[in-house]
Every structure is written in structure tokens, then in C-alpha cells.
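**Q** Attaching a single structure in C-alpha cells format; questions to follow.
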Amino acid sequence: MTDRTQTILGFDPGKDKCGIAVMGGDRALLYHQVLPTAQVISQINDLFQQYNVTRLVMGDQTTSKQWQQRLSTALPDLPILLVDERYSSLEARDRYWQMYPANFLTGLIPQGMRQPPRPIDDLVAIILIERYLNRN
């Protein structure tokens with residue numbers, strides 16, 4: 001059973017850019033954005049205070065170890081949990097088209113062949129939160 005009072009920050013770590021999302025325990029999406037890595041710590045700190053974040057979930061692949069160290073140093077009171085991020089980018093691409101349906105011309109292209117017109121790291125962060133919530 002998920003605690004409805006928790007607020008979770010999802011984090012898709014990357015080298016150049018990262019995805020961030022904030023979701024309530026009731027699965028209400030409160031915030032999502034793709035940021036350059038240089039802005040991540042500052043933005044997570046702001047979101048931590050603004051939304052009273054109770055935990056951070058992040059992907060467990062590419063740069064997760066380095067980011068986990070950086071985040072633990074910057075926000076020592078914030079629990080950090082790793083979530084399996086395999087196939088999350090493919091799932092995020094499908095999610096993009098659910099959230100932002102294609103126009104007529106784009107809709108003529110099969111969905112599997114369409115590329116979202118912007119980075120989708122924030123949607124990956126949303127999916128990581130959902131995976132965490134589904135697991136608990």
C-alpha cells in the first residue's frame with residue numbers, strides 16, 4: 001500500500017541533461033522538466049523544499065553511481081532509491097504520444113517510427129516514479 005502523503009522526485013540521470021519529475025503518492029503529476037546537468041542539484045534542492053519531497057527515485061544505469069554520490073552530499077536527508085530503468089526510454093517515447101497526441105500529418109507516420117520533437121528525459125523520470133509506486 002502506497003503512502004498517499006509521500007511526494008516523490010523522479011530523476012533520470014544523464015551526462016549532458018537529466019529528467020526530473022515530482023509526483024504525489026496519489027499519482028498526481030506536480031512537475032516535470034528536462035534540465036542541463038549543471039542546473040540539476042539546484043533545481044532538485046528547490047523542488048525538495050517547494051513540494052516537501054519525501055524520497056528520490058532514480059534510474060540505476062549509466063551515470064547513477066556518480067549522481068547518487070552527488071545527491072547524497074547535496075541533500076543528505078533525502079532517501080535515494082534506485083529503480084530499474086531498462087526500456088524506460090522506449091516507454092517514455094510512447095508516453096509522449098499519449099500526453100501530446102500527434103497532429104494529422106505526424107499521425108500518418110506509424111507511432112513506432114515517430115520521434116518526439118523534444119528530449120523526453122522528464123517522461124522517463126515519471127515512469128521511474130510509477131515503477132517505484134507499482135513495486136510498493
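By convention here, the chains of the C-alpha cells are called A, B, ... in the order presented, each chain's residues are numbered starting at 1, and ligands are numbered starting at 1 in the order presented.
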Per DSSP on the backbone, what are the helix (DSSP H, G or I) residues of segment 80-131 of chain A, as number ranges by chain?
**A** A: 88-99, 104-107, 111-113, 121-131
**Q** Would you kindly return, as a VMD selection string, each protein, DNA or RNA residue with an atom no farther than 7 Å from any atom of Asp121 of chain A, considering only C-alpha atoms and excluding same-chain residues fewer than 4 positions away?
**A** chain A and resid 12 18 to 19 34 125
**Q** Using only C-alpha atoms, which residue out of A:Asp84, A:Asp77, A:Asp94, A:Asp26 lies closest to Gln115 of chain A?
**A**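 Comparing A:Asp84, A:Asp77, A:Asp94, A:Asp26 against Gln115 of chain A, the winner is A:Asp94.
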**Q** Per DSSP on the backbone, what are the strand (DSSP E) residues of segment 22-114 of chain A, as a PyMOL selection string?
**A** chain A and resi 22-24+29-36+55-59+80-83
**Q** Write the residues you've just listed into a file as a PDB file, in the first residue's frame, and include C-alpha atoms for each of them.
**A**
ATOM      1  CA  VAL A  22       7.634  15.270  -8.971  1.00  0.00           C
ATOM      2  CA  MET A  23       4.594  13.149  -8.197  1.00  0.00           C
ATOM      3  CA  GLY A  24       2.378  12.852  -5.156  1.00  0.00           C
ATOM      4  CA  LEU A  29       1.926  14.774 -11.504  1.00  0.00           C
ATOM      5  CA  LEU A  30       3.134  18.033  -9.955  1.00  0.00           C
ATOM      6  CA  TYR A  31       6.166  18.937 -12.085  1.00  0.00           C
ATOM      7  CA  HIS A  32       8.345  17.634 -14.920  1.00  0.00           C
ATOM      8  CA  GLN A  33      11.236  19.120 -16.853  1.00  0.00           C
ATOM      9  CA  VAL A  34      14.447  18.297 -18.720  1.00  0.00           C
ATOM     10  CA  LEU A  35      17.443  20.241 -17.390  1.00  0.00           C
ATOM     11  CA  PRO A  36      21.113  20.661 -18.254  1.00  0.00           C
ATOM     12  CA  ARG A  55      12.176  10.468  -1.356  1.00  0.00           C
ATOM     13  CA  LEU A  56      14.029  10.447  -4.627  1.00  0.00           C
ATOM     14  CA  VAL A  57      13.892   7.562  -7.073  1.00  0.00           C
ATOM     15  CA  MET A  58      16.400   7.390  -9.862  1.00  0.00           C
ATOM     16  CA  GLY A  59      17.393   5.112 -12.703  1.00  0.00           C
ATOM     17  CA  ILE A  80      17.575   7.851  -2.617  1.00  0.00           C
ATOM     18  CA  LEU A  81      16.200   4.641  -4.110  1.00  0.00           C
ATOM     19  CA  LEU A  82      17.350   3.029  -7.347  1.00  0.00           C
ATOM     20  CA  VAL A  83      14.787   1.749  -9.842  1.00  0.00           C
TER      21      VAL A  83
END
**Q** Tell me which protein, DNA and RNA residues are within 7 Å of Ile129 of chain A, counting only C-alpha atoms, leaving out same-chain ones fewer than 2 positions away, and put them as a compact mmCIF listing (two decimals) with N, CA and C atoms, in the first residue's frame.
**A**
# COMPACT_ATOMS: atom_id res chain seq x y z
N ILE A 8 7.25 12.18 -4.26
CA ILE A 8 8.42 11.51 -4.82
C ILE A 8 8.99 12.32 -5.96
N GLY A 10 11.30 11.95 -9.14
CA GLY A 10 11.92 11.01 -10.06
C GLY A 10 13.06 11.69 -10.78
N VAL A 57 13.64 8.81 -6.36
CA VAL A 57 13.89 7.56 -7.07
C VAL A 57 14.62 7.91 -8.36
N ALA A 125 11.63 10.07 -16.08
CA ALA A 125 11.57 10.29 -14.62
C ALA A 125 10.17 9.96 -14.09
N ILE A 126 9.13 10.31 -14.84
CA ILE A 126 7.76 9.96 -14.44
C ILE A 126 7.60 8.45 -14.39
N ILE A 127 8.10 7.78 -15.40
CA ILE A 127 7.99 6.31 -15.47
C ILE A 127 8.74 5.65 -14.32
N ARG A 131 7.14 3.12 -11.68
CA ARG A 131 7.70 1.78 -11.40
C ARG A 131 7.92 1.59 -9.91
N TYR A 132 8.42 2.62 -9.25
CA TYR A 132 8.61 2.54 -7.79
C TYR A 132 7.27 2.34 -7.09
N LEU A 133 6.28 3.13 -7.45
CA LEU A 133 4.96 3.03 -6.82
C LEU A 133 4.31 1.67 -7.09
**Q** Go through A:Ile20, A:Ala28, A:Leu71, A:Ala102 and flag the residue nearest Pro119 of chain A, using only C-alpha atoms for the distances.
**A**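 When distances to Pro119 of chain A are compared using only C-alpha atoms, the smallest one comes from A:Ile20.
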**Q** Given the choices A:Asp60, A:Asp122, A:Glu130, A:Asp46, which gets closest to Arg93 of chain A if the distance is worked out from only C-alpha atoms?
**A**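 Looking at the shortest contact to Arg93 of chain A, the residue is A:Asp122.
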**Q** Mind giving me the straight-line distance from atom CA of Ala74 of chain A to atom CA of Ser42 of chain A in Å, one decimal?
**A**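 If I compute the distance from atom CA of Ala74 of chain A to atom CA of Ser42 of chain A, I get 9.1 Å.
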**Q** Atom CA of Pro101 of chain A and atom CA of Arg118 of chain A are how many Å apart?
**A**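 Atom CA of Arg118 of chain A lies at a distance of 13.8 Å from atom CA of Pro101 of chain A.
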